[in-house]
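Enquirer: input18.cif is reproduced in full below (mmCIF, C-alpha atoms).
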data_structure
loop_
_atom_site.label_atom_id
_atom_site.label_comp_id
_atom_site.auth_asym_id
_atom_site.auth_seq_id
_atom_site.Cartn_x
_atom_site.Cartn_y
_atom_site.Cartn_z
CA MET A 21 7.84 6.01 -14.29
CA PRO A 22 6.54 8.00 -11.34
CA ASP A 23 7.71 11.57 -11.43
CA VAL A 24 7.57 11.93 -7.68
CA VAL A 25 7.09 9.80 -4.61
CA ARG A 26 6.84 12.33 -1.82
CA ILE A 27 5.41 12.66 1.64
CA ALA A 28 1.87 13.94 1.34
CA LYS A 29 1.24 17.28 3.04
CA ASP A 30 -1.95 18.69 4.51
CA ASP A 31 -2.50 20.49 1.19
CA ASP A 32 -2.67 17.05 -0.47
CA ARG A 33 -5.44 15.73 1.77
CA SER A 34 -8.30 16.17 -0.70
CA VAL A 35 -6.31 14.38 -3.43
CA MET A 36 -5.38 11.61 -1.00
CA GLU A 37 -9.04 11.26 0.06
CA ARG A 38 -10.06 10.76 -3.59
CA LEU A 39 -7.26 8.24 -4.17
CA TRP A 40 -8.32 6.47 -0.96
CA LEU A 41 -11.89 6.08 -2.29
CA MET A 42 -10.56 4.51 -5.49
CA PHE A 43 -8.28 2.21 -3.47
CA ARG A 44 -11.05 1.06 -1.14
CA HIS A 45 -13.40 0.57 -4.09
CA ASP A 46 -10.81 -1.71 -5.72
CA LEU A 47 -10.38 -3.70 -2.49
CA SER A 48 -14.14 -4.06 -1.97
CA GLU A 49 -14.01 -6.79 -4.61
CA PHE A 50 -11.91 -8.88 -2.20
CA ASP A 51 -13.04 -7.89 1.29
CA GLU A 52 -16.81 -7.95 0.65
CA LEU A 53 -17.38 -4.48 2.12
CA LEU A 54 -19.91 -2.02 0.79
CA PRO A 55 -19.50 1.74 1.08
CA ASN A 56 -20.99 3.56 4.02
CA PRO A 57 -24.47 5.07 3.48
CA ASP A 58 -22.84 8.35 2.36
CA GLY A 59 -20.77 6.56 -0.33
CA SER A 60 -17.49 6.72 1.60
CA PHE A 61 -15.44 3.81 2.89
CA ARG A 62 -13.76 3.34 6.26
CA ASP A 63 -10.97 5.88 6.33
CA GLU A 64 -9.28 5.71 9.72
CA TRP A 65 -6.00 4.60 8.12
CA LEU A 66 -6.12 7.64 5.84
CA HIS A 67 -6.54 10.00 8.80
CA GLN A 68 -3.96 8.17 10.92
CA ALA A 69 -1.42 8.45 8.10
CA PHE A 70 -1.61 12.24 8.47
CA THR A 71 -1.88 12.47 12.27
CA ASP A 72 0.06 9.57 13.82
CA ASP A 73 3.82 10.14 14.24
CA ASP A 74 4.37 6.41 13.70
CA ARG A 75 2.94 6.63 10.15
CA VAL A 76 3.69 8.46 6.93
CA PRO A 77 1.54 9.02 3.81
CA TYR A 78 3.15 9.12 0.36
CA LEU A 79 1.64 10.65 -2.76
CA ILE A 80 2.72 9.13 -6.06
CA THR A 81 2.47 11.33 -9.15
CA CYS A 82 3.01 10.79 -12.87
CA ASP A 83 3.22 13.72 -15.28
CA ASP A 84 2.39 16.02 -12.34
CA ARG A 85 -0.93 14.22 -11.76
CA PRO A 86 -2.00 11.93 -8.91
CA ALA A 87 -1.15 8.33 -9.72
CA GLY A 88 -1.29 6.58 -6.35
CA LEU A 89 -0.66 6.46 -2.64
CA ALA A 90 1.31 4.51 -0.09
CA PHE A 91 0.88 4.48 3.70
CA VAL A 92 3.65 3.22 5.94
CA ARG A 93 3.24 2.44 9.63
CA GLY A 94 5.65 1.21 12.27
CA LEU A 95 8.23 3.96 11.81
CA ALA A 96 9.18 3.88 15.49
CA GLY A 97 9.15 0.10 15.78
CA PRO A 98 11.43 -2.64 14.57
CA THR A 99 9.31 -3.46 11.48
CA ARG A 100 7.68 -1.19 8.96
CA VAL A 101 4.34 -2.19 7.42
CA LEU A 102 3.12 -1.01 4.04
CA ASN A 103 -0.50 -1.01 5.11
CA SER A 104 -1.91 0.68 2.00
CA PHE A 105 -0.62 0.88 -1.55
CA PHE A 106 -2.56 1.93 -4.63
CA ILE A 107 -1.81 2.83 -8.23
CA VAL A 108 -4.53 4.34 -10.45
CA ARG A 109 -5.74 1.87 -13.08
CA GLY A 110 -4.87 4.22 -15.95
CA VAL A 111 -1.12 3.81 -15.30
CA ARG A 112 -0.94 0.21 -14.10
CA ARG A 113 1.30 -2.35 -15.77
CA ARG A 114 3.87 0.27 -16.80
CA GLY A 115 6.33 -0.30 -13.98
CA ILE A 116 5.12 2.73 -12.02
CA GLY A 117 3.92 0.68 -9.05
CA LEU A 118 7.16 -1.30 -8.78
CA LYS A 119 9.30 1.83 -9.03
CA ALA A 120 7.12 3.71 -6.52
CA VAL A 121 7.11 0.94 -3.92
CA GLN A 122 10.88 0.52 -4.25
CA GLU A 123 11.31 4.25 -3.58
CA VAL A 124 9.14 3.98 -0.47
CA LEU A 125 10.99 0.89 0.76
CA ALA A 126 14.37 2.56 0.19
CA ARG A 127 13.37 5.48 2.41
CA HIS A 128 12.92 3.14 5.39
CA PRO A 129 15.61 0.43 5.25
CA GLY A 130 15.23 -2.61 7.46
CA PRO A 131 12.47 -5.13 8.21
CA TRP A 132 9.20 -4.85 6.26
CA GLU A 133 5.82 -6.62 6.16
CA ILE A 134 3.21 -6.31 3.42
CA ALA A 135 -0.22 -7.98 3.45
CA PHE A 136 -2.52 -8.93 0.59
CA GLN A 137 -5.26 -11.43 -0.20
CA ASP A 138 -4.78 -14.67 -2.18
CA THR A 139 -8.00 -13.92 -4.05
CA ASN A 140 -6.44 -10.74 -5.48
CA VAL A 141 -4.35 -12.58 -8.06
CA THR A 142 -2.82 -9.37 -9.43
CA ALA A 143 -1.62 -8.42 -5.94
CA VAL A 144 -0.20 -11.90 -5.36
CA HIS A 145 1.99 -11.62 -8.47
CA PHE A 146 2.89 -7.98 -7.83
CA TRP A 147 4.00 -8.36 -4.20
CA ARG A 148 5.98 -11.53 -4.83
CA ARG A 149 7.71 -9.72 -7.70
CA VAL A 150 8.41 -6.70 -5.46
CA ALA A 151 9.94 -8.97 -2.80
CA THR A 152 12.03 -10.92 -5.30
CA GLN A 153 13.30 -7.82 -7.12
CA THR A 154 14.03 -6.12 -3.81
CA VAL A 155 15.81 -8.90 -1.89
CA GLY A 156 16.10 -11.90 -4.20
CA ASP A 157 14.84 -15.03 -2.46
CA ALA A 158 15.47 -13.63 1.05
CA TRP A 159 11.77 -13.16 1.85
CA THR A 160 9.14 -15.22 3.61
CA GLU A 161 5.42 -15.59 3.27
CA ASP A 162 2.84 -16.64 5.86
CA ARG A 163 -0.90 -16.45 6.36
CA ARG A 164 -2.60 -14.68 9.26
CA PRO A 165 -6.30 -14.37 10.12
CA VAL A 166 -7.94 -11.06 9.24
CA PRO A 167 -8.75 -9.42 12.62
CA GLY A 168 -12.49 -9.27 13.23
CA ARG A 169 -13.31 -10.89 9.86
CA PRO A 170 -13.56 -14.66 10.42
CA ASN A 171 -15.59 -14.97 7.19
CA LEU A 172 -12.56 -13.99 5.08
CA PRO A 173 -9.62 -16.18 4.20
CA PRO A 174 -6.39 -15.28 5.98
CA ASP A 175 -4.23 -12.44 4.68
CA VAL A 176 -0.95 -13.36 3.04
CA TRP A 177 2.00 -11.53 4.65
CA ILE A 178 5.34 -11.12 2.93
CA SER A 179 8.31 -10.24 5.15
CA PHE A 180 11.82 -9.13 4.16
CA ASN A 181 14.64 -6.74 5.05
CA THR A 182 15.55 -3.93 2.69
CA PRO A 183 19.22 -3.10 2.33
CA ALA A 184 20.50 0.07 3.95
CA GLU A 185 21.77 1.46 0.64
CA GLY A 186 18.74 0.61 -1.52
CA GLY A 187 20.36 -1.66 -4.07
CA TYR A 188 17.43 -2.51 -6.27
#
Please go through the file and, once you have read it, give me the structure as structure tokens.

Expert:
Amino acid sequence: MPDVVRIAKDDDRSVMERLWLMFRHDLSEFDELLPNPDGSFRDEWLHQAFTDDDRVPYLITCDDRPAGLAFVRGLAGPTRVLNSFFIVRGVRRRGIGLKAVQEVLARHPGPWEIAFQDTNVTAVHFWRRVATQTVGDAWTEDRRPVPGRPNLPPDVWISFNTPAEGGY
């Protein structure tokens, strides 16, 4: 299980940048994007997570080592969005991702939206499991076009409300 799910601080930026590269590399299989000429990927969400008051970055650790990240946006609005979530491959399929995401969701009770791609079969199963274990069958799923990417299939969006007292 994750040892800690905590808000990332400025001191964690270099670790978060490395986790972000791994995350974007994993997603490049599904969004058909190559790295920039310098080997990096688009990282505006990473920077916004640290600088925008409407967002919060979480660092996930296991045995005092980096194991993943989660970025939440929409803190000031009616609906929170988990717009980035990543668990390092070396600790996947051990329940760490489920436990970590449930901790993040519990910190911000209320309406949530999470997007993923149908072509990422592992994500499809994971996010439907998260929704079901979090709120039973009280979640919905719809498809929305990917902004600025008409060549990609629509994103799948899961929506649900987390209970005020956690409860998962």

Enquirer: Could you state the separation of CA of Asp175 (chain A) and CA of Gln137 (chain A) in Å, given to one decimal place?

Expert: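 Pair CA of Asp175 (chain A) / CA of Gln137 (chain A) returns 5.1 Å.
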
Enquirer: Expand the PyMOL selection byres ((chain A and resi 97) around 12) into the individual residues it matches in the shown file, reporting them as a list in words.

Expert: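 Selection result, ordered by chain and number: Asp73, Asp74, Arg75, Val92, Arg93, Gly94, Leu95, Ala96, Pro98, Thr99, Arg100, Val101, His128, Gly130, Pro131 and Trp132 of chain A.
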
Enquirer: Do you know which residues are at most 12 Å from Tyr78 (chain A) counting only C-alpha atoms, after dropping those on the same chain fewer than 3 positions away, and could you put them as a PDB file with C-alpha atoms, keeping the file's coordinate frame?

Expert:
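Once written, selection-v9.pdb looks like this:
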ATOM      1  CA  VAL A  24       7.570  11.930  -7.680  1.00  0.00           C
ATOM      2  CA  VAL A  25       7.090   9.800  -4.610  1.00  0.00           C
ATOM      3  CA  ARG A  26       6.840  12.330  -1.820  1.00  0.00           C
ATOM      4  CA  ILE A  27       5.410  12.660   1.640  1.00  0.00           C
ATOM      5  CA  ALA A  28       1.870  13.940   1.340  1.00  0.00           C
ATOM      6  CA  LYS A  29       1.240  17.280   3.040  1.00  0.00           C
ATOM      7  CA  ASP A  30      -1.950  18.690   4.510  1.00  0.00           C
ATOM      8  CA  ASP A  32      -2.670  17.050  -0.470  1.00  0.00           C
ATOM      9  CA  ARG A  33      -5.440  15.730   1.770  1.00  0.00           C
ATOM     10  CA  VAL A  35      -6.310  14.380  -3.430  1.00  0.00           C
ATOM     11  CA  MET A  36      -5.380  11.610  -1.000  1.00  0.00           C
ATOM     12  CA  LEU A  39      -7.260   8.240  -4.170  1.00  0.00           C
ATOM     13  CA  TRP A  40      -8.320   6.470  -0.960  1.00  0.00           C
ATOM     14  CA  LEU A  66      -6.120   7.640   5.840  1.00  0.00           C
ATOM     15  CA  ALA A  69      -1.420   8.450   8.100  1.00  0.00           C
ATOM     16  CA  PHE A  70      -1.610  12.240   8.470  1.00  0.00           C
ATOM     17  CA  ARG A  75       2.940   6.630  10.150  1.00  0.00           C
ATOM     18  CA  THR A  81       2.470  11.330  -9.150  1.00  0.00           C
ATOM     19  CA  PRO A  86      -2.000  11.930  -8.910  1.00  0.00           C
ATOM     20  CA  ALA A  87      -1.150   8.330  -9.720  1.00  0.00           C
ATOM     21  CA  GLY A  88      -1.290   6.580  -6.350  1.00  0.00           C
ATOM     22  CA  LEU A  89      -0.660   6.460  -2.640  1.00  0.00           C
ATOM     23  CA  ALA A  90       1.310   4.510  -0.090  1.00  0.00           C
ATOM     24  CA  PHE A  91       0.880   4.480   3.700  1.00  0.00           C
ATOM     25  CA  VAL A  92       3.650   3.220   5.940  1.00  0.00           C
ATOM     26  CA  ARG A  93       3.240   2.440   9.630  1.00  0.00           C
ATOM     27  CA  LEU A 102       3.120  -1.010   4.040  1.00  0.00           C
ATOM     28  CA  ASN A 103      -0.500  -1.010   5.110  1.00  0.00           C
ATOM     29  CA  SER A 104      -1.910   0.680   2.000  1.00  0.00           C
ATOM     30  CA  PHE A 105      -0.620   0.880  -1.550  1.00  0.00           C
ATOM     31  CA  PHE A 106      -2.560   1.930  -4.630  1.00  0.00           C
ATOM     32  CA  ILE A 107      -1.810   2.830  -8.230  1.00  0.00           C
ATOM     33  CA  ALA A 120       7.120   3.710  -6.520  1.00  0.00           C
ATOM     34  CA  VAL A 121       7.110   0.940  -3.920  1.00  0.00           C
ATOM     35  CA  GLU A 123      11.310   4.250  -3.580  1.00  0.00           C
ATOM     36  CA  VAL A 124       9.140   3.980  -0.470  1.00  0.00           C
ATOM     37  CA  LEU A 125      10.990   0.890   0.760  1.00  0.00           C
ATOM     38  CA  ARG A 127      13.370   5.480   2.410  1.00  0.00           C
TER      39      ARG A 127
END

Enquirer: If I take CA of Gly117 (chain A) and CA of Val144 (chain A), how far is one from the other in Å, to one decimal?

Expert: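 Straight-line distance from CA of Gly117 (chain A) to CA of Val144 (chain A) works out to 13.7 Å.
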
Enquirer: Just how far from CA of Arg113 (chain A) is CA of Val76 (chain A), in Å to one decimal?

Expert: 25.3 Å

Enquirer: Excluding region 177-185 of chain A and any residue of its chain fewer than 6 positions from it, enumerate the residues within 6 Å of it, using only C-alpha atoms, and give them as a PyMOL selection string.

Expert: chain A and resi 129-135+159-163

Enquirer: Could you turn the residues from that selection into a file that holds C-alpha atoms, as a compact mmCIF listing (two decimals), in the frame of the given file?

Expert:
# COMPACT_ATOMS: atom_id res chain seq x y z
CA PRO A 129 15.61 0.43 5.25
CA GLY A 130 15.23 -2.61 7.46
CA PRO A 131 12.47 -5.13 8.21
CA TRP A 132 9.20 -4.85 6.26
CA GLU A 133 5.82 -6.62 6.16
CA ILE A 134 3.21 -6.31 3.42
CA ALA A 135 -0.22 -7.98 3.45
CA TRP A 159 11.77 -13.16 1.85
CA THR A 160 9.14 -15.22 3.61
CA GLU A 161 5.42 -15.59 3.27
CA ASP A 162 2.84 -16.64 5.86
CA ARG A 163 -0.90 -16.45 6.36

Enquirer: Extract, using all atoms listed in the file, all DNA, RNA and protein residues at most 10 Å from Asp63 (chain A), discarding same-chain residues fewer than 3 positions from it, and format them as a ChimeraX atom specification.

Expert: /A:37,40-41,44,60,66-68

Enquirer: So which residues get picked by the PyMOL selection byres ((chain A and resi 165) around 6) here, written as a PyMOL selection string?

Expert: chain A and resi 164+166+174

Enquirer: Using all atoms listed in the file, which of the listed residues (A:Asn140, A:Ala151, A:Val111, A:Leu79) sits closest to Ser34 (chain A)?

Expert: A:Leu79

Enquirer: Residues picked by the PyMOL selection byres ((chain A and resi 154) around 8) here, as a list in words?

Expert: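 Going through the file, the PyMOL selection byres ((chain A and resi 154) around 8) ends up selecting Gln122, Val150, Ala151, Thr152, Gln153, Val155, Gly156, Thr182, Gly187 and Tyr188 of chain A.
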
Enquirer: Calculated over only C-alpha atoms, which of the candidates A:Val108, A:Val176, A:Leu118, A:Cys82 has the smallest distance to Arg38 (chain A)?

Expert: A:Val108

Enquirer: Under the rule that all atoms listed in the file are counted, which of A:Phe146, A:Pro77, A:Asp72, A:His45 is the nearest residue to Gly115 (chain A)?

Expert: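 Once distances to Gly115 (chain A) are computed over all atoms listed in the file, the minimum belongs to A:Phe146.
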